[in-house]
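A.B. asks: So I've got this file, target_31.pdb, and it contains PDB, C-alpha atoms and all ligand atoms:
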```pdb
ATOM      1  CA  MET A 158    -166.688  38.119 -12.019
ATOM      2  CA  PRO A 159    -168.039  35.269  -9.922
ATOM      3  CA  THR A 160    -164.998  33.146 -10.580
ATOM      4  CA  ASP A 161    -164.726  31.869  -7.015
ATOM      5  CA  ARG A 162    -168.419  31.120  -6.722
ATOM      6  CA  PRO A 163    -169.066  28.195  -4.429
ATOM      7  CA  TRP A 164    -171.234  25.855  -6.485
ATOM      8  CA  ASP A 165    -172.012  23.151  -4.013
ATOM      9  CA  GLY A 166    -174.546  23.750  -1.309
ATOM     10  CA  THR A 167    -174.396  27.516  -1.268
ATOM     11  CA  ILE A 168    -177.429  29.717  -1.815
ATOM     12  CA  VAL A 169    -176.986  32.292  -4.578
ATOM     13  CA  ARG A 170    -178.312  35.798  -4.051
ATOM     14  CA  TYR A 171    -180.440  36.946  -7.002
ATOM     15  CA  PRO A 172    -179.811  38.166  -9.596
ATOM     16  CA  ASP A 173    -177.262  35.461 -10.327
ATOM     17  CA  PRO A 174    -173.884  37.152 -10.931
ATOM     18  CA  ALA A 175    -172.815  34.185 -13.081
ATOM     19  CA  ILE A 176    -175.068  35.548 -15.850
ATOM     20  CA  GLU A 177    -173.301  38.626 -17.172
ATOM     21  CA  VAL A 178    -175.001  41.206 -19.398
ATOM     22  CA  LEU A 179    -172.448  42.834 -21.720
ATOM     23  CA  ASP A 180    -174.923  44.526 -24.047
ATOM     24  CA  ASP A 181    -178.505  45.737 -23.625
ATOM     25  CA  ARG A 182    -179.599  43.172 -26.201
ATOM     26  CA  PHE A 183    -178.763  40.393 -23.738
ATOM     27  CA  ALA A 184    -180.612  41.902 -20.780
ATOM     28  CA  PRO A 185    -184.075  40.508 -21.687
ATOM     29  CA  PHE A 186    -182.700  36.962 -21.634
ATOM     30  CA  LYS A 187    -181.541  37.137 -18.005
ATOM     31  CA  ILE A 188    -184.347  36.149 -15.659
ATOM     32  CA  PRO A 189    -183.896  38.038 -12.356
ATOM     33  CA  ASN A 190    -184.675  35.023 -10.209
ATOM     34  CA  SER A 191    -183.057  32.265 -12.283
ATOM     35  CA  VAL A 192    -179.839  30.573 -11.188
ATOM     36  CA  VAL A 193    -177.137  28.630 -12.977
ATOM     37  CA  GLU A 194    -177.343  25.119 -11.566
ATOM     38  CA  ARG A 195    -174.870  22.292 -11.553
ATOM     39  CA  LEU A 196    -177.064  19.263 -12.209
ATOM     40  CA  TRP A 197    -174.419  16.581 -11.926
ATOM     41  CA  THR A 198    -170.684  16.067 -11.766
ATOM     42  CA  GLY A 199    -168.475  13.014 -12.036
ATOM     43  CA  ALA A 200    -167.392  12.802 -15.679
ATOM     44  CA  ARG A 201    -163.982  13.229 -17.264
ATOM     45  CA  TRP A 202    -165.064  15.175 -20.359
ATOM     46  CA  THR A 203    -168.723  15.756 -21.085
ATOM     47  CA  GLU A 204    -170.018  16.591 -24.571
ATOM     48  CA  GLY A 205    -172.995  16.263 -26.883
ATOM     49  CA  PRO A 206    -176.105  17.183 -24.844
ATOM     50  CA  VAL A 207    -179.444  16.341 -26.494
ATOM     51  CA  TYR A 208    -182.870  16.798 -24.919
ATOM     52  CA  PHE A 209    -185.781  14.341 -25.199
ATOM     53  CA  GLY A 210    -189.000  16.161 -24.376
ATOM     54  CA  ASP A 211    -191.061  13.010 -24.852
ATOM     55  CA  GLY A 212    -189.024  11.174 -22.243
ATOM     56  CA  ARG A 213    -188.176  14.222 -20.151
ATOM     57  CA  PHE A 214    -184.491  13.419 -20.047
ATOM     58  CA  LEU A 215    -181.222  14.667 -21.420
ATOM     59  CA  LEU A 216    -178.481  12.506 -22.863
ATOM     60  CA  PHE A 217    -174.855  13.575 -22.948
ATOM     61  CA  SER A 218    -171.504  11.942 -23.609
ATOM     62  CA  ASP A 219    -168.723  11.285 -21.137
ATOM     63  CA  ILE A 220    -166.168  10.600 -23.843
ATOM     64  CA  PRO A 221    -163.104   9.307 -21.934
ATOM     65  CA  ASN A 222    -165.294   7.072 -19.763
ATOM     66  CA  ASN A 223    -166.813   5.582 -22.920
ATOM     67  CA  ARG A 224    -170.402   6.154 -21.845
ATOM     68  CA  ILE A 225    -173.546   8.114 -22.598
ATOM     69  CA  MET A 226    -175.185   9.553 -19.490
ATOM     70  CA  LYS A 227    -178.888  10.190 -18.919
ATOM     71  CA  TRP A 228    -180.112  12.998 -16.690
ATOM     72  CA  ASP A 229    -183.762  12.490 -15.715
ATOM     73  CA  GLU A 230    -185.748  15.703 -15.568
ATOM     74  CA  THR A 231    -188.428  14.184 -13.337
ATOM     75  CA  THR A 232    -186.117  12.862 -10.625
ATOM     76  CA  GLY A 233    -182.916  14.840 -11.110
ATOM     77  CA  GLU A 234    -181.006  11.556 -11.128
ATOM     78  CA  THR A 235    -178.187  10.835 -13.561
ATOM     79  CA  SER A 236    -177.443   7.294 -14.702
ATOM     80  CA  VAL A 237    -175.575   5.452 -17.435
ATOM     81  CA  PHE A 238    -177.626   5.230 -20.633
ATOM     82  CA  ARG A 239    -175.118   3.283 -22.743
ATOM     83  CA  GLN A 240    -171.699   1.812 -22.057
ATOM     84  CA  PRO A 241    -169.612   1.215 -24.041
ATOM     85  CA  SER A 242    -170.591   4.131 -26.233
ATOM     86  CA  HIS A 243    -167.668   3.774 -28.669
ATOM     87  CA  ASN A 244    -166.494   7.077 -27.181
ATOM     88  CA  SER A 245    -169.520   8.888 -28.560
ATOM     89  CA  ASN A 246    -169.297  12.666 -28.813
ATOM     90  CA  GLY A 247    -172.027  14.830 -30.389
ATOM     91  CA  HIS A 248    -175.679  13.807 -30.538
ATOM     92  CA  THR A 249    -178.883  15.070 -32.060
ATOM     93  CA  ARG A 250    -182.311  13.698 -33.027
ATOM     94  CA  ASP A 251    -183.761  13.214 -36.477
ATOM     95  CA  HIS A 252    -187.304  14.141 -37.486
ATOM     96  CA  GLN A 253    -188.545  10.768 -36.272
ATOM     97  CA  GLY A 254    -187.080  11.511 -32.846
ATOM     98  CA  ARG A 255    -184.304   8.951 -33.156
ATOM     99  CA  LEU A 256    -180.941   9.531 -31.545
ATOM    100  CA  VAL A 257    -178.186  10.251 -34.080
ATOM    101  CA  SER A 258    -174.643  10.080 -32.751
ATOM    102  CA  CYS A 259    -171.003  10.705 -33.604
ATOM    103  CA  GLU A 260    -168.647   7.992 -32.386
ATOM    104  CA  HIS A 261    -164.908   8.448 -31.991
ATOM    105  CA  PHE A 262    -163.679   4.902 -31.404
ATOM    106  CA  SER A 263    -165.656   3.321 -34.220
ATOM    107  CA  ARG A 264    -165.205   6.415 -36.439
ATOM    108  CA  ARG A 265    -168.804   6.467 -37.558
ATOM    109  CA  VAL A 266    -172.209   8.143 -37.453
ATOM    110  CA  THR A 267    -174.984   5.975 -36.078
ATOM    111  CA  ARG A 268    -178.709   6.116 -35.523
ATOM    112  CA  THR A 269    -180.441   4.415 -32.605
ATOM    113  CA  GLU A 270    -183.752   2.997 -33.806
ATOM    114  CA  HIS A 271    -186.907   3.076 -31.718
ATOM    115  CA  ASP A 272    -186.377  -0.556 -30.750
ATOM    116  CA  GLY A 273    -182.818   0.130 -29.623
ATOM    117  CA  ALA A 274    -181.062  -1.348 -32.636
ATOM    118  CA  ILE A 275    -178.146   0.682 -33.908
ATOM    119  CA  THR A 276    -177.866   1.498 -37.602
ATOM    120  CA  VAL A 277    -174.533   2.628 -39.034
ATOM    121  CA  LEU A 278    -175.268   5.603 -41.281
ATOM    122  CA  LEU A 279    -171.708   6.280 -42.372
ATOM    123  CA  ASP A 280    -168.214   5.092 -41.482
ATOM    124  CA  GLN A 281    -166.243   5.812 -44.645
ATOM    125  CA  PHE A 282    -166.039   8.169 -47.573
ATOM    126  CA  ASP A 283    -164.306   7.457 -50.888
ATOM    127  CA  GLY A 284    -163.324   4.076 -49.466
ATOM    128  CA  LYS A 285    -161.436   5.617 -46.564
ATOM    129  CA  ARG A 286    -162.394   5.637 -42.908
ATOM    130  CA  LEU A 287    -163.817   8.759 -41.381
ATOM    131  CA  ASN A 288    -161.466  10.393 -38.865
ATOM    132  CA  ALA A 289    -163.631  10.730 -35.750
ATOM    133  CA  PRO A 290    -167.005  12.444 -36.228
ATOM    134  CA  ASN A 291    -167.478  15.131 -33.603
ATOM    135  CA  ASP A 292    -170.746  17.042 -33.766
ATOM    136  CA  ILE A 293    -173.953  16.742 -35.703
ATOM    137  CA  VAL A 294    -177.172  18.516 -36.689
ATOM    138  CA  VAL A 295    -180.199  17.626 -38.789
ATOM    139  CA  HIS A 296    -181.542  19.975 -41.477
ATOM    140  CA  SER A 297    -185.284  20.402 -42.009
ATOM    141  CA  ASP A 298    -184.931  18.365 -45.222
ATOM    142  CA  GLY A 299    -183.792  15.397 -43.123
ATOM    143  CA  SER A 300    -180.155  15.551 -44.157
ATOM    144  CA  ILE A 301    -177.516  15.075 -41.473
ATOM    145  CA  TRP A 302    -174.596  17.508 -41.323
ATOM    146  CA  PHE A 303    -171.575  16.605 -39.223
ATOM    147  CA  THR A 304    -167.990  17.610 -38.566
ATOM    148  CA  ASP A 305    -164.984  15.297 -38.707
ATOM    149  CA  PRO A 306    -161.965  17.011 -37.092
ATOM    150  CA  GLY A 307    -160.412  13.763 -35.917
ATOM    151  CA  TYR A 308    -159.762  14.443 -32.249
ATOM    152  CA  GLY A 309    -160.809  10.893 -31.444
ATOM    153  CA  ILE A 310    -157.858   9.421 -33.366
ATOM    154  CA  MET A 311    -155.216  11.806 -32.024
ATOM    155  CA  LEU A 312    -155.127  10.249 -28.536
ATOM    156  CA  ASN A 313    -156.205   6.969 -27.005
ATOM    157  CA  TYR A 314    -157.924   8.957 -24.240
ATOM    158  CA  GLU A 315    -161.028   9.744 -26.314
ATOM    159  CA  GLY A 316    -160.899   6.980 -28.893
ATOM    160  CA  LEU A 317    -158.142   5.033 -30.614
ATOM    161  CA  LYS A 318    -154.983   6.714 -31.837
ATOM    162  CA  SER A 319    -154.731   6.174 -35.576
ATOM    163  CA  GLU A 320    -153.601   7.751 -38.802
ATOM    164  CA  PHE A 321    -155.809  10.263 -40.591
ATOM    165  CA  GLU A 322    -157.132   8.832 -43.851
ATOM    166  CA  LEU A 323    -159.226  11.856 -44.846
ATOM    167  CA  PRO A 324    -158.947  15.637 -44.545
ATOM    168  CA  THR A 325    -160.806  17.383 -41.747
ATOM    169  CA  ARG A 326    -164.218  18.259 -43.167
ATOM    170  CA  VAL A 327    -167.888  19.001 -42.753
ATOM    171  CA  TYR A 328    -170.120  16.462 -44.513
ATOM    172  CA  ARG A 329    -173.755  16.342 -45.548
ATOM    173  CA  LEU A 330    -175.344  12.903 -45.424
ATOM    174  CA  ASP A 331    -178.729  12.029 -46.882
ATOM    175  CA  PRO A 332    -179.829   9.072 -44.752
ATOM    176  CA  ALA A 333    -182.529   8.128 -47.255
ATOM    177  CA  SER A 334    -180.199   7.625 -50.203
ATOM    178  CA  GLY A 335    -176.897   7.291 -48.377
ATOM    179  CA  GLU A 336    -175.454   9.996 -50.596
ATOM    180  CA  THR A 337    -172.719  11.914 -48.821
ATOM    181  CA  THR A 338    -171.043  15.098 -49.980
ATOM    182  CA  VAL A 339    -168.217  17.256 -48.678
ATOM    183  CA  VAL A 340    -169.643  20.598 -47.614
ATOM    184  CA  ILE A 341    -166.553  22.306 -46.178
ATOM    185  CA  GLU A 342    -162.877  21.398 -46.416
ATOM    186  CA  GLU A 343    -161.267  24.744 -45.658
ATOM    187  CA  LEU A 344    -161.361  24.559 -41.845
ATOM    188  CA  ASP A 345    -158.549  23.238 -39.671
ATOM    189  CA  LYS A 346    -160.653  21.577 -36.950
ATOM    190  CA  PRO A 347    -164.374  21.962 -37.712
ATOM    191  CA  ASN A 348    -166.139  21.146 -34.464
ATOM    192  CA  GLY A 349    -169.553  22.414 -33.311
ATOM    193  CA  LEU A 350    -172.115  23.391 -35.938
ATOM    194  CA  CYS A 351    -175.667  24.674 -36.225
ATOM    195  CA  PHE A 352    -178.011  26.369 -38.665
ATOM    196  CA  SER A 353    -179.620  29.756 -38.188
ATOM    197  CA  PRO A 354    -183.364  29.450 -37.456
ATOM    198  CA  ASP A 355    -184.259  30.083 -41.114
ATOM    199  CA  GLU A 356    -181.435  27.791 -42.299
ATOM    200  CA  THR A 357    -179.928  30.454 -44.531
ATOM    201  CA  LEU A 358    -176.712  30.303 -42.498
ATOM    202  CA  LEU A 359    -174.491  27.510 -41.227
ATOM    203  CA  TYR A 360    -172.237  28.283 -38.272
ATOM    204  CA  VAL A 361    -169.177  26.127 -37.632
ATOM    205  CA  SER A 362    -166.720  26.516 -34.784
ATOM    206  CA  ASP A 363    -163.066  25.841 -35.556
ATOM    207  CA  THR A 364    -161.050  24.596 -32.601
ATOM    208  CA  GLY A 365    -157.833  24.497 -34.628
ATOM    209  CA  ASP A 366    -156.072  27.459 -36.174
ATOM    210  CA  PRO A 367    -157.493  30.036 -36.025
ATOM    211  CA  ARG A 368    -159.844  29.380 -33.147
ATOM    212  CA  ASN A 369    -163.042  31.091 -34.191
ATOM    213  CA  ILE A 370    -166.618  30.643 -35.299
ATOM    214  CA  MET A 371    -167.173  30.758 -39.047
ATOM    215  CA  VAL A 372    -170.440  31.421 -40.835
ATOM    216  CA  PHE A 373    -171.423  30.278 -44.337
ATOM    217  CA  ASP A 374    -174.359  31.031 -46.603
ATOM    218  CA  VAL A 375    -176.357  27.880 -47.228
ATOM    219  CA  ASP A 376    -176.855  27.266 -50.943
ATOM    220  CA  GLY A 377    -179.076  24.238 -51.340
ATOM    221  CA  THR A 378    -177.063  21.216 -50.300
ATOM    222  CA  ALA A 379    -173.806  23.211 -50.248
ATOM    223  CA  VAL A 380    -172.446  26.364 -48.605
ATOM    224  CA  LYS A 381    -170.529  29.368 -49.872
ATOM    225  CA  ASN A 382    -169.000  32.658 -48.784
ATOM    226  CA  GLY A 383    -167.341  31.478 -45.594
ATOM    227  CA  ARG A 384    -166.253  34.280 -43.287
ATOM    228  CA  GLU A 385    -165.364  34.773 -39.662
ATOM    229  CA  PHE A 386    -168.373  35.345 -37.424
ATOM    230  CA  ALA A 387    -166.553  35.645 -34.103
ATOM    231  CA  ALA A 388    -162.947  35.363 -32.989
ATOM    232  CA  MET A 389    -162.587  33.187 -29.884
ATOM    233  CA  LEU A 390    -158.989  33.702 -28.767
ATOM    234  CA  PRO A 391    -157.643  33.510 -26.092
ATOM    235  CA  GLY A 392    -159.980  30.541 -25.594
ATOM    236  CA  GLY A 393    -162.130  28.585 -27.979
ATOM    237  CA  SER A 394    -165.635  27.633 -28.970
ATOM    238  CA  ASP A 395    -166.843  24.047 -29.293
ATOM    239  CA  GLY A 396    -170.589  23.306 -29.406
ATOM    240  CA  ILE A 397    -172.976  26.023 -30.642
ATOM    241  CA  ARG A 398    -176.745  26.538 -30.891
ATOM    242  CA  CYS A 399    -179.054  29.318 -32.090
ATOM    243  CA  ASP A 400    -182.078  30.621 -30.258
ATOM    244  CA  ILE A 401    -185.302  31.657 -31.985
ATOM    245  CA  HIS A 402    -184.027  35.219 -32.378
ATOM    246  CA  GLY A 403    -180.930  34.090 -34.266
ATOM    247  CA  ASN A 404    -178.510  34.737 -31.421
ATOM    248  CA  LEU A 405    -175.666  32.243 -31.336
ATOM    249  CA  TRP A 406    -174.945  30.596 -27.990
ATOM    250  CA  SER A 407    -171.459  29.123 -27.861
ATOM    251  CA  SER A 408    -169.635  27.036 -25.344
ATOM    252  CA  ALA A 409    -166.388  28.690 -24.283
ATOM    253  CA  GLY A 410    -163.325  27.208 -22.683
ATOM    254  CA  TRP A 411    -159.578  27.029 -22.323
ATOM    255  CA  ALA A 412    -159.036  30.622 -21.174
ATOM    256  CA  GLY A 413    -159.886  30.317 -17.492
ATOM    257  CA  ALA A 414    -162.078  32.211 -15.082
ATOM    258  CA  GLY A 415    -163.952  35.140 -16.563
ATOM    259  CA  TYR A 416    -164.022  33.493 -19.978
ATOM    260  CA  ASP A 417    -165.020  29.857 -19.586
ATOM    261  CA  GLY A 418    -168.726  29.022 -19.787
ATOM    262  CA  VAL A 419    -171.116  30.286 -22.466
ATOM    263  CA  HIS A 420    -170.726  33.275 -24.779
ATOM    264  CA  CYS A 421    -173.813  34.692 -26.480
ATOM    265  CA  PHE A 422    -173.397  36.481 -29.802
ATOM    266  CA  ALA A 423    -175.989  38.679 -31.512
ATOM    267  CA  PRO A 424    -176.669  37.875 -35.187
ATOM    268  CA  ASP A 425    -174.197  40.604 -36.153
ATOM    269  CA  GLY A 426    -171.416  38.829 -34.247
ATOM    270  CA  ASP A 427    -171.283  41.121 -31.208
ATOM    271  CA  LEU A 428    -170.605  39.391 -27.896
ATOM    272  CA  ILE A 429    -173.597  40.449 -25.794
ATOM    273  CA  GLY A 430    -173.523  38.217 -22.720
ATOM    274  CA  LYS A 431    -171.746  35.468 -20.839
ATOM    275  CA  ILE A 432    -172.650  32.678 -18.471
ATOM    276  CA  HIS A 433    -169.682  32.014 -16.237
ATOM    277  CA  LEU A 434    -168.810  28.482 -15.214
ATOM    278  CA  PRO A 435    -165.945  27.158 -13.093
ATOM    279  CA  GLU A 436    -165.018  24.678 -15.841
ATOM    280  CA  ALA A 437    -164.312  24.792 -19.559
ATOM    281  CA  ALA A 438    -167.586  24.296 -21.417
ATOM    282  CA  SER A 439    -167.767  21.953 -24.399
ATOM    283  CA  ASN A 440    -171.297  22.029 -25.739
ATOM    284  CA  LEU A 441    -174.871  23.094 -25.092
ATOM    285  CA  CYS A 442    -178.487  22.652 -26.150
ATOM    286  CA  PHE A 443    -181.842  24.169 -25.339
ATOM    287  CA  GLY A 444    -184.386  21.913 -23.701
ATOM    288  CA  GLY A 445    -187.280  21.614 -21.330
ATOM    289  CA  PRO A 446    -190.917  21.648 -22.469
ATOM    290  CA  MET A 447    -190.640  25.370 -23.259
ATOM    291  CA  LYS A 448    -187.179  25.092 -24.836
ATOM    292  CA  ASN A 449    -186.144  27.886 -22.477
ATOM    293  CA  ARG A 450    -183.591  25.957 -20.451
ATOM    294  CA  LEU A 451    -180.001  25.940 -21.643
ATOM    295  CA  PHE A 452    -178.140  22.727 -20.809
ATOM    296  CA  ILE A 453    -174.364  22.998 -20.826
ATOM    297  CA  THR A 454    -171.776  20.244 -20.713
ATOM    298  CA  GLY A 455    -168.722  21.554 -18.923
ATOM    299  CA  SER A 456    -165.684  19.335 -18.496
ATOM    300  CA  GLN A 457    -166.610  17.115 -15.542
ATOM    301  CA  SER A 458    -170.164  18.405 -15.024
ATOM    302  CA  LEU A 459    -173.596  19.159 -16.429
ATOM    303  CA  TYR A 460    -175.095  22.629 -15.909
ATOM    304  CA  ALA A 461    -178.433  24.254 -16.724
ATOM    305  CA  VAL A 462    -180.026  27.684 -16.560
ATOM    306  CA  TYR A 463    -183.461  29.035 -17.473
ATOM    307  CA  LEU A 464    -183.377  31.979 -19.893
ATOM    308  CA  GLU A 465    -186.060  34.225 -21.361
ATOM    309  CA  THR A 466    -185.435  32.947 -24.849
ATOM    310  CA  GLN A 467    -185.980  29.612 -26.554
ATOM    311  CA  GLY A 468    -184.010  27.269 -28.709
ATOM    312  CA  ASP A 469    -185.030  26.938 -32.303
ATOM    313  CA  GLN A 470    -186.981  23.827 -33.196
ATOM    314  CA  ARG A 471    -184.042  21.527 -33.777
ATOM    315  CA  PRO A 472    -182.583  19.510 -30.878
TER
HETATM  316 MG    MG A 501    -167.353  19.152 -30.154
END
```
Please render this file's structure as structure tokens.

C.D. replies:
Amino acid sequence: MPTDRPWDGTIVRYPDPAIEVLDDRFAPFKIPNSVVERLWTGARWTEGPVYFGDGRFLLFSDIPNNRIMKWDETTGETSVFRQPSHNSNGHTRDHQGRLVSCEHFSRRVTRTEHDGAITVLLDQFDGKRLNAPNDIVVHSDGSIWFTDPGYGIMLNYEGLKSEFELPTRVYRLDPASGETTVVIEELDKPNGLCFSPDETLLYVSDTGDPRNIMVFDVDGTAVKNGREFAAMLPGGSDGIRCDIHGNLWSSAGWAGAGYDGVHCFAPDGDLIGKIHLPEAASNLCFGGPMKNRLFITGSQSLYAVYLETQGDQRP
């Protein structure tokens, strides 16, 4: 494994050994002359990448530094997009292209309007404060689904240490009506989440106990039949995304070299490939005009790699 790969200033001989094919089903995704790139480094803990094709940039969180960063696809430069960010974590875009964000410090879900104004979509449920929303996706019906494991209130490092007022959950929020429902309450630390391309399945990573990726059948505005999709020990999954073929691409971290980076699972749950990184990975998203570039937030850095697949149509 390319665990001692020198990332800075060294030319990589193709094919890139950091992209590991474990199963023939992964082989078509590896482009022979594509390289895993480190686009930027200098954060404390990156999270929540979201691509803006209209602006040709990527936003991502640097949670402990209380800022949202902006990587510009046209110049390659990275700058501060918003600070303070209320220790924002996961981001996505709604169907109007607006940024929708999870915030740890302020324990809320917000939407950034086209004029820059920030609308609070939700900060409490049943009269109690949310814990610390973590990651977020938008369904084709416009509803917003997010996880609330509460990491942002467990330490002052990524938010503000506070008591839990609510169980750890996955919620569904209808931004039109404001109606919010509990979708899942059976997971210890629900973290990353995404739908399958046809939205018949909802995947949720659990970074608590056990550390795995669960899958649920979507039943209207609810889910049912939760079962384990992939075990992640000795490490863990955080952010997850599907490609157009229904493969699940998961960040992987906390188990060291040979494990940390990205794990790709076939729809049947088989681990079919890895992208090795020298840091624990937290989250990922597909982007670029062709949606064939995987952006990965990894601890202190931002990475990207072109693949011969594409993200599904959600950011
Ligand atoms: Mg997360």

A.B. asks: Distance atom CA of A:Thr167-atom CA of A:Val193, one decimal place?

C.D. replies: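 According to the coordinates, atom CA of A:Thr167 and atom CA of A:Val193 are separated by 12.1 Å.
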
A.B. asks: What do you get, as number ranges by chain, if you spell out every residue that the PyMOL selection byres (((chain A and resi 327) around 9) and not hetatm) selects here?

C.D. replies: A: 302-306, 325-326, 328-329, 338-342, 344, 347-348, 361

A.B. asks: Mind giving me the straight-line distance from atom CA of A:Asp251 to atom CA of A:Phe186 in Å, one decimal?

C.D. replies: 28.0 Å

A.B. asks: List, as a ChimeraX atom specification, every residue that the PyMOL selection byres (((chain A and resi 366) around 10) and not hetatm) selects in the file provided.

C.D. replies: /A:344-346,363-365,367-369

A.B. asks: How would you write, as a PyMOL selection string, the residues chosen by the PyMOL selection byres (((chain A and resi 201) around 9) and not hetatm) on this structure?

C.D. replies: chain A and resi 199-200+202-203+219-222+456-458

A.B. asks: Could you tell me how far atom CA of A:Arg239 sits from atom CA of A:Arg286, in Å to one decimal place?

C.D. replies: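 Going from atom CA of A:Arg286 over to atom CA of A:Arg239, I get 24.0 Å.
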
A.B. asks: Would you name the residues within 12 Å of ligand MG 501 (chain A), counting all atoms listed in the file, and put them as a PyMOL selection string?

C.D. replies: chain A and resi 202-206+217-218+220+245-248+258-261+289-294+303-309+315+346-351+361-365+393-398+407-410+438-441+454-456

A.B. asks: Set the distance at 7 Å and use all atoms listed in the file: which residues neighbour A:Leu216 once local chain neighbours fewer than 6 positions away are removed? I'd like the list as an MDAnalysis selection string.

C.D. replies: chainID A and resid 206:208 225:228

A.B. asks: Which is closest to A:Leu323 among A:Ile310, A:Ile453, A:Val266, A:Ile168, if we use all atoms listed in the file?

C.D. replies: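 Looking only at the distances to A:Leu323, the closest residue turns out to be A:Ile310.
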
A.B. asks: Can you report as lines of an AutoDock Vina configuration file the centre and edge lengths in Å, to one decimal, of an axis-aligned box around the listed atoms of stretch 200-217 of chain A padded with 3 Å on each side?

C.D. replies:
```
center_x = -177.5
center_y = 14.2
center_z = -21.3
size_x = 33.1
size_y = 12.0
size_z = 17.2
```

A.B. asks: Rank A:Val192, A:Leu215, A:Met371, A:Leu278 by their smallest atom-to-atom distance to A:Leu459, using all atoms listed in the file, and report the top residue only.

C.D. replies: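 Counting all atoms listed in the file, the residue closest to A:Leu459 is A:Leu215.
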
A.B. asks: So that I can see what lies close to A:Val380, please list as number ranges by chain the residues with an atom at most 10 Å from it, counting only C-alpha atoms and leaving out residues fewer than 6 positions away in the same chain.

C.D. replies: A: 340-341, 357-359, 372-374

A.B. asks: Would you list the residues near (-161.6, 5.8, -26.2) (no more than 7 Å away, in the coordinates of the file, using all atoms listed in the file) as a VMD selection string?

C.D. replies: chain A and resid 221 223 243 to 244 262 313 to 317

A.B. asks: Restricted to C-alpha atoms, what would the selected residues look like written as a PDB file, keeping the file's coordinate frame?

C.D. replies:
```
ATOM      1  CA  PRO A 221    -163.104   9.307 -21.934  1.00  0.00           C
ATOM      2  CA  ASN A 223    -166.813   5.582 -22.920  1.00  0.00           C
ATOM      3  CA  HIS A 243    -167.668   3.774 -28.669  1.00  0.00           C
ATOM      4  CA  ASN A 244    -166.494   7.077 -27.181  1.00  0.00           C
ATOM      5  CA  PHE A 262    -163.679   4.902 -31.404  1.00  0.00           C
ATOM      6  CA  ASN A 313    -156.205   6.969 -27.005  1.00  0.00           C
ATOM      7  CA  TYR A 314    -157.924   8.957 -24.240  1.00  0.00           C
ATOM      8  CA  GLU A 315    -161.028   9.744 -26.314  1.00  0.00           C
ATOM      9  CA  GLY A 316    -160.899   6.980 -28.893  1.00  0.00           C
ATOM     10  CA  LEU A 317    -158.142   5.033 -30.614  1.00  0.00           C
TER      11      LEU A 317
END
```
